[in-house]
file coords_32.txt (compact mmCIF, C-alpha atoms)
# COMPACT_ATOMS: atom_id res chain seq x y z
CA MET A 1 121.42 100.57 121.81
CA GLY A 2 118.06 99.02 121.42
CA ALA A 3 118.40 97.78 117.86
CA PRO A 4 116.30 96.38 116.43
CA VAL A 5 113.57 98.25 118.23
CA GLU A 6 109.87 98.13 117.47
CA ARG A 7 109.88 100.37 114.40
CA THR A 8 112.61 98.33 112.76
CA ARG A 9 111.41 94.92 113.89
CA ILE A 10 111.19 92.70 110.81
CA ARG A 11 107.53 91.75 110.43
CA ARG A 12 107.59 90.05 107.06
CA LEU A 13 109.75 86.93 106.67
CA PRO A 14 111.38 87.36 110.08
CA ASP A 15 113.75 84.45 109.34
CA LYS A 16 115.56 86.83 106.99
CA ALA A 17 116.26 89.32 109.78
CA VAL A 18 119.85 89.58 110.92
CA ARG A 19 120.71 90.95 114.33
CA GLU A 20 124.49 91.27 114.11
CA ARG A 21 125.85 94.78 113.86
CA SER A 22 128.77 93.36 111.88
CA THR A 23 126.32 92.39 109.13
CA LEU A 24 124.85 95.89 109.16
CA HIS A 25 128.35 97.27 108.73
CA ALA A 26 129.15 94.77 105.97
CA VAL A 27 126.03 95.64 103.95
CA LEU A 28 126.68 99.36 104.26
CA ASP A 29 130.32 98.82 103.30
CA ALA A 30 129.35 96.88 100.16
CA GLY A 31 127.01 99.48 98.65
CA THR A 32 127.61 102.64 96.67
CA VAL A 33 124.18 104.28 96.62
CA ALA A 34 121.61 104.62 99.41
CA HIS A 35 118.02 105.80 99.13
CA VAL A 36 116.97 108.36 101.72
CA ALA A 37 113.26 108.67 102.51
CA PHE A 38 111.97 111.94 103.94
CA VAL A 39 108.68 113.81 104.07
CA HIS A 40 107.97 117.26 102.67
CA ASP A 41 104.47 118.80 102.85
CA GLY A 42 103.03 115.38 103.67
CA GLN A 43 104.56 113.76 100.61
CA PRO A 44 107.23 111.08 101.10
CA TYR A 45 110.24 111.06 98.77
CA ALA A 46 113.01 108.52 98.15
CA VAL A 47 116.18 110.10 96.81
CA PRO A 48 119.46 108.38 95.88
CA VAL A 49 122.63 109.55 97.63
CA ALA A 50 126.25 108.51 97.93
CA TYR A 51 127.32 107.75 101.48
CA GLY A 52 130.08 106.48 103.72
CA ARG A 53 130.33 104.83 107.12
CA GLU A 54 132.59 105.75 109.99
CA GLY A 55 132.11 103.44 112.96
CA ASP A 56 128.45 103.60 113.93
CA THR A 57 127.63 106.63 111.81
CA VAL A 58 126.49 106.92 108.21
CA LEU A 59 127.72 110.05 106.47
CA ILE A 60 126.11 111.76 103.49
CA HIS A 61 126.85 115.01 101.72
CA GLY A 62 125.00 117.33 99.43
CA SER A 63 124.58 120.89 98.34
CA THR A 64 123.46 123.61 100.74
CA GLY A 65 120.94 124.38 97.98
CA SER A 66 119.35 120.92 98.12
CA ARG A 67 115.87 120.65 99.62
CA LEU A 68 116.68 117.17 100.88
CA PHE A 69 119.82 118.26 102.65
CA ARG A 70 118.29 121.39 104.15
CA LEU A 71 115.38 119.36 105.56
CA LEU A 72 117.68 116.66 106.91
CA ALA A 73 120.02 119.25 108.41
CA ALA A 74 117.03 120.66 110.30
CA GLY A 75 116.52 117.25 111.93
CA ALA A 76 113.63 115.88 109.84
CA PRO A 77 112.99 112.16 110.46
CA CYS A 78 114.47 110.03 107.72
CA CYS A 79 115.19 106.49 106.64
CA LEU A 80 118.35 105.50 104.81
CA THR A 81 118.16 102.19 102.96
CA VAL A 82 120.95 100.36 101.14
CA THR A 83 119.88 97.41 99.01
CA LEU A 84 122.27 95.02 97.28
CA LEU A 85 120.61 92.76 94.72
CA ASP A 86 122.46 89.43 94.69
CA GLY A 87 120.34 87.24 92.45
CA ILE A 88 117.03 85.92 91.20
CA VAL A 89 115.71 82.76 92.86
CA LEU A 90 113.95 80.62 90.24
CA ALA A 91 111.37 78.31 91.76
CA ARG A 92 108.99 76.03 89.91
CA SER A 93 106.08 78.35 90.75
CA ALA A 94 105.60 82.05 90.10
CA PHE A 95 104.66 82.49 93.76
CA GLU A 96 107.95 81.18 95.16
CA THR A 97 110.11 83.08 92.69
CA SER A 98 112.05 85.69 94.65
CA MET A 99 115.25 87.69 95.00
CA ARG A 100 118.50 87.21 96.79
CA TYR A 101 119.37 90.50 98.42
CA ARG A 102 120.93 92.21 101.38
CA SER A 103 119.16 95.31 102.64
CA ALA A 104 119.99 97.62 105.52
CA MET A 105 117.53 100.22 106.81
CA VAL A 106 118.49 102.97 109.26
CA LEU A 107 115.91 105.24 110.90
CA GLY A 108 116.65 108.47 112.69
CA ALA A 109 117.53 112.10 112.27
CA CYS A 110 120.73 113.62 110.95
CA THR A 111 123.03 116.11 112.56
CA VAL A 112 125.30 118.54 110.75
CA VAL A 113 128.98 117.56 110.71
CA GLU A 114 131.14 120.62 111.31
CA ASP A 115 134.43 118.88 110.66
CA GLN A 116 133.63 118.31 107.00
CA VAL A 117 136.89 117.16 105.47
CA PRO A 118 137.38 113.83 107.32
CA ALA A 119 133.74 112.96 106.63
CA LEU A 120 134.04 113.80 102.95
CA ARG A 121 137.16 111.66 102.85
CA THR A 122 135.18 108.75 104.34
CA ILE A 123 132.49 109.09 101.68
CA SER A 124 135.11 109.33 98.93
CA GLU A 125 136.91 106.22 100.20
CA ARG A 126 133.63 104.28 100.20
CA ILE A 127 133.04 105.18 96.57
CA LEU A 128 136.60 104.62 95.38
CA PRO A 129 139.31 103.63 97.86
CA GLY A 130 142.55 105.54 97.45
CA ARG A 131 141.06 108.33 95.41
CA TRP A 132 141.06 110.97 98.13
CA ALA A 133 144.86 110.95 98.34
CA VAL A 134 145.31 112.04 94.72
CA VAL A 135 142.57 114.62 94.12
CA ARG A 136 142.56 118.30 94.96
CA PRO A 137 140.94 118.64 98.39
CA PRO A 138 137.88 120.88 98.71
CA SER A 139 138.47 124.61 98.94
CA LYS A 140 136.88 126.80 101.61
CA LYS A 141 134.41 128.03 99.02
CA GLU A 142 133.48 124.48 98.04
CA LEU A 143 133.07 123.46 101.68
CA ALA A 144 130.78 126.44 102.23
CA GLN A 145 128.50 125.03 99.52
CA THR A 146 128.46 121.56 101.09
CA LEU A 147 126.34 120.10 103.86
CA VAL A 148 127.76 117.00 105.51
CA LEU A 149 125.30 115.06 107.64
CA ALA A 150 125.65 112.20 110.11
CA LEU A 151 123.00 109.56 110.81
CA PRO A 152 123.71 107.32 113.81
CA LEU A 153 123.35 103.54 113.49
CA ALA A 154 121.04 103.43 116.52
CA GLU A 155 117.72 102.20 115.11
CA TRP A 156 118.20 99.81 112.23
CA SER A 157 117.35 96.50 110.65
CA VAL A 158 119.06 94.21 108.17
CA LYS A 159 117.49 91.57 105.97
CA VAL A 160 119.50 88.97 104.10
CA SER A 161 117.88 86.64 101.59
CA ASP A 162 120.45 84.12 100.35
CA GLY A 163 118.54 80.88 99.95
CA TRP A 164 117.51 78.48 97.23
CA PRO A 165 114.06 78.01 95.67
CA GLU A 166 111.39 76.15 97.54
CA ASP A 167 109.01 73.72 95.92
CA THR A 168 105.43 73.16 96.97
CA PRO A 169 103.32 70.01 96.47
CA GLU A 170 101.31 71.82 93.77
CA ASP A 171 104.48 72.14 91.66
CA GLU A 172 104.29 68.45 90.71
CA GLY A 173 104.50 68.18 86.94
CA TRP A 174 106.10 71.61 86.44
CA ASP A 175 109.80 71.31 85.61
CA PRO A 176 111.33 74.59 84.44
CA PRO A 177 115.03 75.22 85.14
CA THR A 178 115.37 76.15 88.81
CA GLY A 179 118.15 77.60 90.91
CA VAL A 180 119.70 81.02 91.30
CA ILE A 181 120.87 83.54 88.71
CA PRO A 182 123.57 85.51 90.52
CA ILE A 183 123.59 89.27 90.00
CA ARG A 184 126.62 91.39 90.69
CA GLU A 185 127.84 94.89 90.08
CA VAL A 186 130.94 95.21 87.91
CA ARG A 187 133.26 98.18 87.65
CA ASP A 188 135.06 98.34 84.31
CA GLU A 189 138.37 99.93 83.43
CA LEU A 190 138.64 103.70 83.58
CA LEU A 191 137.53 105.43 80.38
CA ASP A 192 139.96 108.25 79.90
CA VAL A 193 138.52 111.70 79.22
CA GLY A 194 140.44 111.54 75.94
CA THR A 195 138.05 108.83 74.78
CA ALA A 196 135.10 111.20 75.03
CA THR A 197 134.21 111.64 71.36
CA ASP A 198 131.29 113.94 71.95
CA ALA A 199 129.22 115.13 74.89
CA ALA A 200 128.74 111.65 76.29
CA PRO A 201 128.37 108.12 75.00
CA PRO A 202 124.97 106.51 75.57
CA ALA A 203 124.61 104.60 78.80
CA ALA A 204 125.37 100.91 78.47
CA PRO A 205 122.31 98.69 77.94
CA ARG A 206 121.35 96.71 81.04
CA MET B 207 99.16 114.93 82.61
CA GLY B 208 101.12 117.77 84.02
CA ALA B 209 104.46 116.05 84.41
CA PRO B 210 106.76 117.27 85.66
CA VAL B 211 104.65 119.35 88.01
CA GLU B 212 105.84 121.44 90.91
CA ARG B 213 106.52 118.61 93.38
CA THR B 214 108.67 116.77 90.85
CA ARG B 215 110.36 119.80 89.31
CA ILE B 216 114.10 119.19 89.37
CA ARG B 217 115.55 121.89 91.61
CA ARG B 218 119.13 120.69 91.89
CA LEU B 219 121.18 120.44 88.69
CA PRO B 220 118.21 121.11 86.43
CA ASP B 221 120.34 120.44 83.33
CA LYS B 222 120.15 116.75 84.32
CA ALA B 223 116.35 116.73 84.17
CA VAL B 224 114.79 114.86 81.28
CA ARG B 225 111.26 115.61 80.16
CA GLU B 226 110.62 112.78 77.70
CA ARG B 227 108.22 110.12 78.84
CA SER B 228 110.15 107.64 76.68
CA THR B 229 113.17 108.17 78.95
CA LEU B 230 111.02 107.58 82.01
CA HIS B 231 109.85 104.31 80.47
CA ALA B 232 113.39 103.34 79.50
CA VAL B 233 114.76 103.89 83.02
CA LEU B 234 111.92 101.92 84.59
CA ASP B 235 112.42 99.15 82.02
CA ALA B 236 116.13 98.89 82.81
CA GLY B 237 115.85 98.40 86.57
CA THR B 238 115.03 95.41 88.73
CA VAL B 239 114.50 96.94 92.17
CA ALA B 240 112.67 100.13 93.14
CA HIS B 241 112.62 101.86 96.50
CA VAL B 242 109.19 102.89 97.75
CA ALA B 243 109.00 105.70 100.29
CA PHE B 244 105.95 105.88 102.56
CA VAL B 245 105.10 107.33 105.97
CA HIS B 246 103.89 105.42 109.00
CA ASP B 247 103.26 107.17 112.32
CA GLY B 248 105.21 110.18 111.09
CA GLN B 249 108.26 108.13 110.23
CA PRO B 250 109.33 107.84 106.58
CA TYR B 251 110.55 104.47 105.30
CA ALA B 252 112.28 103.43 102.07
CA VAL B 253 111.67 99.78 101.21
CA PRO B 254 113.01 97.83 98.20
CA VAL B 255 110.46 96.15 95.93
CA ALA B 256 110.38 94.35 92.60
CA TYR B 257 108.16 96.02 90.02
CA GLY B 258 106.98 96.03 86.45
CA ARG B 259 105.58 98.58 84.01
CA GLU B 260 102.55 98.28 81.80
CA GLY B 261 102.03 101.38 79.68
CA ASP B 262 101.80 104.35 82.03
CA THR B 263 101.40 102.29 85.19
CA VAL B 264 103.99 100.86 87.57
CA LEU B 265 102.95 97.57 89.15
CA ILE B 266 104.20 96.17 92.44
CA HIS B 267 103.16 93.15 94.44
CA GLY B 268 103.51 92.01 98.02
CA SER B 269 101.97 90.03 100.80
CA THR B 270 98.58 90.92 102.23
CA GLY B 271 100.45 90.66 105.56
CA SER B 272 102.92 93.40 104.66
CA ARG B 273 102.57 96.73 106.44
CA LEU B 274 103.89 98.53 103.37
CA PHE B 275 101.38 96.92 101.03
CA ARG B 276 98.43 97.40 103.37
CA LEU B 277 99.25 101.10 103.76
CA LEU B 278 99.73 101.58 100.03
CA ALA B 279 96.53 99.67 99.25
CA ALA B 280 94.69 102.13 101.50
CA GLY B 281 95.90 104.98 99.27
CA ALA B 282 98.78 106.36 101.37
CA PRO B 283 100.94 108.85 99.45
CA CYS B 284 104.13 107.25 98.21
CA CYS B 285 107.19 107.78 96.06
CA LEU B 286 108.68 105.05 93.92
CA THR B 287 112.28 105.62 92.84
CA VAL B 288 114.39 103.52 90.48
CA THR B 289 118.09 104.37 90.36
CA LEU B 290 120.59 102.86 87.94
CA LEU B 291 124.21 103.54 88.82
CA ASP B 292 126.19 103.80 85.58
CA GLY B 293 129.62 104.96 86.69
CA ILE B 294 131.93 107.07 88.79
CA VAL B 295 133.07 110.36 87.30
CA LEU B 296 136.66 111.02 88.34
CA ALA B 297 137.54 114.71 88.27
CA ARG B 298 140.78 116.30 89.39
CA SER B 299 139.07 117.68 92.50
CA ALA B 300 137.11 115.94 95.22
CA PHE B 301 134.32 118.48 94.76
CA GLU B 302 133.70 117.67 91.09
CA THR B 303 133.83 113.90 91.59
CA SER B 304 130.38 112.52 90.95
CA MET B 305 128.28 109.65 89.65
CA ARG B 306 126.80 108.71 86.34
CA TYR B 307 123.27 107.55 86.98
CA ARG B 308 119.72 107.42 85.69
CA SER B 309 117.01 107.93 88.29
CA ALA B 310 113.23 107.97 87.90
CA MET B 311 110.92 109.18 90.68
CA VAL B 312 107.16 108.67 90.62
CA LEU B 313 104.84 110.32 93.17
CA GLY B 314 101.26 109.36 93.83
CA ALA B 315 98.97 106.87 95.45
CA CYS B 316 98.40 103.24 94.53
CA THR B 317 95.18 101.48 93.69
CA VAL B 318 94.50 97.79 94.16
CA VAL B 319 94.62 95.73 90.96
CA GLU B 320 91.78 93.21 90.94
CA ASP B 321 92.90 91.39 87.80
CA GLN B 322 96.06 90.10 89.46
CA VAL B 323 97.43 87.54 87.02
CA PRO B 324 98.26 89.80 84.05
CA ALA B 325 99.92 92.27 86.44
CA LEU B 326 101.96 89.55 88.12
CA ARG B 327 102.98 88.36 84.68
CA THR B 328 104.18 91.90 83.83
CA ILE B 329 106.29 92.03 87.00
CA SER B 330 107.71 88.56 86.31
CA GLU B 331 108.60 89.50 82.74
CA ARG B 332 110.43 92.60 83.97
CA ILE B 333 112.53 90.50 86.32
CA LEU B 334 113.22 87.67 83.88
CA PRO B 335 111.68 87.72 80.40
CA GLY B 336 110.16 84.42 79.32
CA ARG B 337 109.99 82.97 82.80
CA TRP B 338 106.25 83.31 83.28
CA ALA B 339 105.50 80.89 80.43
CA VAL B 340 107.31 78.00 82.13
CA VAL B 341 106.44 78.32 85.83
CA ARG B 342 103.34 77.12 87.65
CA PRO B 343 100.89 80.04 87.68
CA PRO B 344 99.64 81.27 91.05
CA SER B 345 96.85 79.30 92.70
CA LYS B 346 93.70 80.90 94.09
CA LYS B 347 95.13 80.51 97.59
CA GLU B 348 98.37 82.21 96.56
CA LEU B 349 96.50 85.06 94.87
CA ALA B 350 94.45 85.54 98.02
CA GLN B 351 97.71 86.18 99.90
CA THR B 352 98.93 88.69 97.33
CA LEU B 353 98.25 92.40 96.95
CA VAL B 354 98.94 93.81 93.50
CA LEU B 355 99.10 97.59 93.34
CA ALA B 356 99.19 100.09 90.49
CA LEU B 357 100.89 103.49 90.61
CA PRO B 358 100.12 105.76 87.64
CA LEU B 359 102.95 107.57 85.84
CA ALA B 360 101.20 110.91 86.28
CA GLU B 361 103.57 112.91 88.51
CA TRP B 362 107.19 112.02 87.87
CA SER B 363 110.71 113.21 87.18
CA VAL B 364 113.76 111.68 85.60
CA LYS B 365 117.38 112.68 86.05
CA VAL B 366 120.17 111.44 83.82
CA SER B 367 123.80 112.15 84.62
CA ASP B 368 126.01 110.86 81.80
CA GLY B 369 128.79 113.40 81.44
CA TRP B 370 132.53 113.65 81.84
CA PRO B 371 134.49 115.27 84.66
CA GLU B 372 134.83 119.03 84.79
CA ASP B 373 138.01 120.80 85.75
CA THR B 374 138.20 124.08 87.60
CA PRO B 375 141.00 126.66 87.51
CA GLU B 376 142.03 125.64 91.04
CA ASP B 377 142.85 122.14 89.75
CA GLU B 378 146.08 123.41 88.14
CA GLY B 379 148.93 121.19 89.28
CA TRP B 380 146.72 118.25 90.27
CA ASP B 381 146.94 115.43 87.77
CA PRO B 382 145.31 112.23 88.99
CA PRO B 383 143.82 109.83 86.41
CA THR B 384 140.50 111.30 85.28
CA GLY B 385 137.57 109.98 83.30
CA VAL B 386 134.75 107.58 84.02
CA ILE B 387 134.73 104.14 85.63
CA PRO B 388 131.67 102.44 84.11
CA ILE B 389 129.50 100.42 86.48
CA ARG B 390 127.09 97.78 85.23
CA GLU B 391 124.99 95.00 86.63
CA VAL B 392 125.85 91.51 85.42
CA ARG B 393 123.66 88.42 85.57
CA ASP B 394 125.68 85.21 85.66
CA GLU B 395 124.73 81.73 84.51
CA LEU B 396 122.03 79.90 86.44
CA LEU B 397 123.32 78.02 89.47
CA ASP B 398 121.38 74.80 89.52
CA VAL B 399 119.77 73.81 92.82
CA GLY B 400 121.91 70.67 92.60
CA THR B 401 124.96 72.86 93.17
CA ALA B 402 123.65 73.91 96.59
CA THR B 403 126.12 72.19 98.90
CA ASP B 404 124.57 73.44 102.09
CA ALA B 405 121.97 75.98 103.13
CA ALA B 406 123.39 78.73 100.98
CA PRO B 407 126.77 79.88 99.74
CA PRO B 408 127.96 83.21 101.08
CA ALA B 409 126.98 86.21 99.01
CA ALA B 410 129.57 87.16 96.43
CA PRO B 411 131.91 89.97 97.45
CA ARG B 412 131.22 93.22 95.66
call {"tool": "encode", "arguments": {"input": "coords_32.txt", "output": "C-alpha cells"}}
result
Amino acid sequence: MGAPVERTRIRRLPDKAVRERSTLHAVLDAGTVAHVAFVHDGQPYAVPVAYGREGDTVLIHGSTGSRLFRLLAAGAPCCLTVTLLDGIVLARSAFETSMRYRSAMVLGACTVVEDQVPALRTISERILPGRWAVVRPPSKKELAQTLVLALPLAEWSVKVSDGWPEDTPEDEGWDPPTGVIPIREVRDELLDVGTATDAAPPAAPR
Amino acid sequence: MGAPVERTRIRRLPDKAVRERSTLHAVLDAGTVAHVAFVHDGQPYAVPVAYGREGDTVLIHGSTGSRLFRLLAAGAPCCLTVTLLDGIVLARSAFETSMRYRSAMVLGACTVVEDQVPALRTISERILPGRWAVVRPPSKKELAQTLVLALPLAEWSVKVSDGWPEDTPEDEGWDPPTGVIPIREVRDELLDVGTATDAAPPAAPR
C-alpha cells in the first residue's frame, strides 16, 4: 500500500497525476519497452528492457552475464518507467506546446524469480500474445543463463497528459494551426525470414 | 573524445555496438522522447523528456520548478537514453525471440544554457520541423520559468539490433511462423481543436 508515497508524489503538473491502480495496470499493459534506472559506481544509467506484468508485479528478464541484471538481482534500488507517447499538442505559443503521453514509474528493488517459466511466459505474452504456445520452451541450459526478476507495484506514480492546447492572452494575433497530432505505434505484417535478402534491411525511416 | 570509454563499453552482445558518431546522431535525430536517469537521495529515477540535438550536444528543457531540472542544472551525473523499437524478432524458440531496436545512451553532466531561444528552437524543430517559425516565441516571463540544459556527446554508446531470428539445433521439430514484425511510430493528421467534443477523447488503444 501507500502509493503514491512521498518519493512518487507528482510535484510538477499535479493535475496530470492519476491515482487509480487500474490506470497503472493499463499503461504497463500497453507498452512494450520499459527503461530501468539504476546506479553503478555513482553513475546513473537508463537501460531499455522488455517486461511483463502479473497482477501487482512487473517481471523482467535478462542474461546472468548482464551488469544490470546482476545488480538488480542483488537488490539495488531501481526505477522502472514505461512511457507511451500519444501525440503532440500544438498551441499558438512555443511555451504551451507539449506532448500527450501516459507514463508509469515504479520504484523499488527486485527479487529473483525462481519459478522462471511462468514469468517468461508472461513477458512473452506481453510482447506478442499467443506466441508462447507455439515456440520451443526454454531448455534447462537456457534457463540457467537467464535471470528473471520481479518488481512489486508498491511505490509508483502515473501521469496522463491527454488534453488540448491552451491559449494565453499574449497569443492574440498568432494563428498557426492548433490541435493535436496523434502518435501511435504500428505493428506491420510479419516479414518472413525468406524475405531476408542479405544480413538485414536498413531500419525504416521514422 | 574517448567514446566509447569504459563506462559506456558495450558488455552484453558487443556485436550490436556501433562506434560511428554518425549513427549516434542518426538515432538521436530519429527519436522524440528520451529517458533521463538521475539519482536523488540514493534513489535512481528514469523520467521521460523531449530533447533536441545541436552538433555534439543534446538539449533538454523543463520548468525551473522541476526537481529533475534543478538537480541536473546543479551538475548531477545523469544518463540520457533514446530507444527506438523497430520490431519483434520471432525465432523458433522462446530464448532466441528478441527485439529490433536502436538505442543511444549518453552519460555526463548538464550545463545551463544561457542563450535559451536558439536551444528551444532546436528542441521544437526536433519534435515538429517548421513549427517554430509559426508559433509565438517565448516571452521573457516564460523564459524565466524555463531551464534549458546541455549534455555533451562525449561519453556515449549506441546499440543497433537489426537482424533476423537464429535457430538452434534444439529447435528441430518446432515450426512456428518466424521472421520479423516491424514496429514503427506513425503520426496522424492534425486533430483540430474544434474537434474536441469534451475535455479530451480517450487515448487511442495500442
call {"tool": "atom_distance", "arguments": {"input": "coords_32.txt", "atom1": "atom CA of Leu349 of chain B", "atom2": "atom CA of His241 of chain B"}}
result
23.3 Å
call {"tool": "calpha_fit_rmsd", "arguments": {"input": "coords_32.txt", "fixed": "chain B", "moving": "chain A"}}
result
0.0 Å
call {"tool": "closest_residue", "arguments": {"input": "coords_32.txt", "among": "A:Gly130, A:Gly173, A:Gly42, A:Gly179", "to": "chain B", "atoms": "only C-alpha atoms"}}
result
A:Gly179
call {"tool": "residues_around", "arguments": {"input": "coords_32.txt", "residues": "Val242 of chain B", "least_positions_apart": "6", "cutoff": "12 Å", "atoms": "all atoms listed in the file", "output": "PyMOL selection string"}}
result
(chain A and resi 35-38+44-48+79-81) or (chain B and resi 250-257+264-267+274-275+277-278+282-289+310-316+357)
call {"tool": "residues_around", "arguments": {"input": "coords_32.txt", "residues": "Thr122 of chain A", "least_positions_apart": "4", "cutoff": "8 Å", "atoms": "only C-alpha atoms", "output": "list in words"}}
result
Gly52, Arg53, Glu54, Leu59, Pro118 and Arg126 of chain A
call {"tool": "residues_near_point", "arguments": {"input": "coords_32.txt", "point": "(135.0, 102.0, 89.9)", "cutoff": "9 Å", "atoms": "only C-alpha atoms", "output": "VMD selection string"}}
result
(chain A and resid 127 to 128 186 to 190) or (chain B and resid 293 to 295 386 to 389)
call {"tool": "closest_residue", "arguments": {"input": "coords_32.txt", "among": "B:Ala232, B:Leu355, B:Ala223, B:Met305", "to": "Ala279 of chain B", "atoms": "all atoms listed in the file"}}
result
B:Leu355
call {"tool": "residues_around", "arguments": {"input": "coords_32.txt", "residues": "Val135 of chain A", "least_positions_apart": "2", "cutoff": "10 Å", "atoms": "only C-alpha atoms", "output": "tab-separated table (two decimals) with C-alpha atoms, in the frame of the given file"}}
result
chain	number	residue	atom	x	y	z
A	130	GLY	CA	142.55	105.54	97.45
A	131	ARG	CA	141.06	108.33	95.41
A	132	TRP	CA	141.06	110.97	98.13
A	133	ALA	CA	144.86	110.95	98.34
A	137	PRO	CA	140.94	118.64	98.39
A	138	PRO	CA	137.88	120.88	98.71
B	296	LEU	CA	136.66	111.02	88.34
B	297	ALA	CA	137.54	114.71	88.27
B	298	ARG	CA	140.78	116.30	89.39
B	299	SER	CA	139.07	117.68	92.50
B	300	ALA	CA	137.11	115.94	95.22
B	301	PHE	CA	134.32	118.48	94.76
B	302	GLU	CA	133.70	117.67	91.09
B	303	THR	CA	133.83	113.90	91.59
B	377	ASP	CA	142.85	122.14	89.75
B	380	TRP	CA	146.72	118.25	90.27
B	381	ASP	CA	146.94	115.43	87.77
B	382	PRO	CA	145.31	112.23	88.99
B	383	PRO	CA	143.82	109.83	86.41
B	384	THR	CA	140.50	111.30	85.28
call {"tool": "atom_distance", "arguments": {"input": "coords_32.txt", "atom1": "atom CA of Glu348 of chain B", "atom2": "atom CA of Thr270 of chain B"}}
result
10.4 Å
call {"tool": "atom_distance", "arguments": {"input": "coords_32.txt", "atom1": "atom CA of Arg225 of chain B", "atom2": "atom CA of Gly281 of chain B"}}
result
26.7 Å
call {"tool": "closest_residue", "arguments": {"input": "coords_32.txt", "among": "A:Leu28, A:Val112, A:Val33, A:Leu153", "to": "chain B", "atoms": "only C-alpha atoms"}}
result
A:Val33
call {"tool": "closest_residue", "arguments": {"input": "coords_32.txt", "among": "B:Leu353, B:Arg308, B:Lys346, B:Arg213", "to": "Arg67 of chain A", "atoms": "all atoms listed in the file"}}
result
B:Arg213
call {"tool": "closest_residue", "arguments": {"input": "coords_32.txt", "among": "B:Pro375, B:Pro335, B:Gly369, B:Gly261", "to": "chain A", "atoms": "all atoms listed in the file"}}
result
B:Gly369
call {"tool": "build_atoms", "arguments": {"input": "coords_32.txt", "residues": "segment 254-271 of chain B", "atoms": "N, CA and C atoms", "output": "PDB file, keeping the file's coordinate frame"}}
result
ATOM      1  N   PRO B 254     112.791  98.335  99.561  1.00  0.00           N
ATOM      2  CA  PRO B 254     113.010  97.830  98.200  1.00  0.00           C
ATOM      3  C   PRO B 254     111.882  96.899  97.765  1.00  0.00           C
ATOM      4  N   VAL B 255     111.487  97.028  96.504  1.00  0.00           N
ATOM      5  CA  VAL B 255     110.460  96.150  95.930  1.00  0.00           C
ATOM      6  C   VAL B 255     110.821  95.820  94.483  1.00  0.00           C
ATOM      7  N   ALA B 256     110.360  94.643  94.034  1.00  0.00           N
ATOM      8  CA  ALA B 256     110.380  94.350  92.600  1.00  0.00           C
ATOM      9  C   ALA B 256     109.190  95.066  91.973  1.00  0.00           C
ATOM     10  N   TYR B 257     109.236  95.275  90.683  1.00  0.00           N
ATOM     11  CA  TYR B 257     108.160  96.020  90.020  1.00  0.00           C
ATOM     12  C   TYR B 257     108.124  95.679  88.546  1.00  0.00           C
ATOM     13  N   GLY B 258     107.091  96.132  87.897  1.00  0.00           N
ATOM     14  CA  GLY B 258     106.980  96.030  86.450  1.00  0.00           C
ATOM     15  C   GLY B 258     106.308  97.290  85.934  1.00  0.00           C
ATOM     16  N   ARG B 259     106.281  97.442  84.612  1.00  0.00           N
ATOM     17  CA  ARG B 259     105.580  98.580  84.010  1.00  0.00           C
ATOM     18  C   ARG B 259     104.683  98.086  82.901  1.00  0.00           C
ATOM     19  N   GLU B 260     103.479  98.572  82.892  1.00  0.00           N
ATOM     20  CA  GLU B 260     102.550  98.280  81.800  1.00  0.00           C
ATOM     21  C   GLU B 260     102.015  99.636  81.333  1.00  0.00           C
ATOM     22  N   GLY B 261     102.457 100.070  80.166  1.00  0.00           N
ATOM     23  CA  GLY B 261     102.030 101.380  79.680  1.00  0.00           C
ATOM     24  C   GLY B 261     102.438 102.474  80.656  1.00  0.00           C
ATOM     25  N   ASP B 262     101.494 103.260  81.112  1.00  0.00           N
ATOM     26  CA  ASP B 262     101.800 104.350  82.030  1.00  0.00           C
ATOM     27  C   ASP B 262     101.438 104.013  83.470  1.00  0.00           C
ATOM     28  N   THR B 263     101.672 102.753  83.831  1.00  0.00           N
ATOM     29  CA  THR B 263     101.400 102.290  85.190  1.00  0.00           C
ATOM     30  C   THR B 263     102.577 101.459  85.677  1.00  0.00           C
ATOM     31  N   VAL B 264     103.019 101.729  86.914  1.00  0.00           N
ATOM     32  CA  VAL B 264     103.990 100.860  87.570  1.00  0.00           C
ATOM     33  C   VAL B 264     103.221  99.878  88.437  1.00  0.00           C
ATOM     34  N   LEU B 265     103.618  98.626  88.385  1.00  0.00           N
ATOM     35  CA  LEU B 265     102.950  97.570  89.150  1.00  0.00           C
ATOM     36  C   LEU B 265     103.893  97.010  90.180  1.00  0.00           C
ATOM     37  N   ILE B 266     103.405  96.827  91.397  1.00  0.00           N
ATOM     38  CA  ILE B 266     104.200  96.170  92.440  1.00  0.00           C
ATOM     39  C   ILE B 266     103.319  95.128  93.121  1.00  0.00           C
ATOM     40  N   HIS B 267     103.948  94.178  93.767  1.00  0.00           N
ATOM     41  CA  HIS B 267     103.160  93.150  94.440  1.00  0.00           C
ATOM     42  C   HIS B 267     103.821  92.783  95.761  1.00  0.00           C
ATOM     43  N   GLY B 268     102.992  92.397  96.714  1.00  0.00           N
ATOM     44  CA  GLY B 268     103.510  92.010  98.020  1.00  0.00           C
ATOM     45  C   GLY B 268     102.483  91.204  98.768  1.00  0.00           C
ATOM     46  N   SER B 269     102.856  90.847  99.981  1.00  0.00           N
ATOM     47  CA  SER B 269     101.970  90.030 100.800  1.00  0.00           C
ATOM     48  C   SER B 269     100.843  90.864 101.401  1.00  0.00           C
ATOM     49  N   THR B 270      99.682  90.251 101.527  1.00  0.00           N
ATOM     50  CA  THR B 270      98.580  90.920 102.230  1.00  0.00           C
ATOM     51  C   THR B 270      98.964  91.157 103.701  1.00  0.00           C
ATOM     52  N   GLY B 271      99.999  90.478 104.177  1.00  0.00           N
ATOM     53  CA  GLY B 271     100.450  90.660 105.560  1.00  0.00           C
ATOM     54  C   GLY B 271     101.478  91.763 105.706  1.00  0.00           C
TER      55      GLY B 271
END
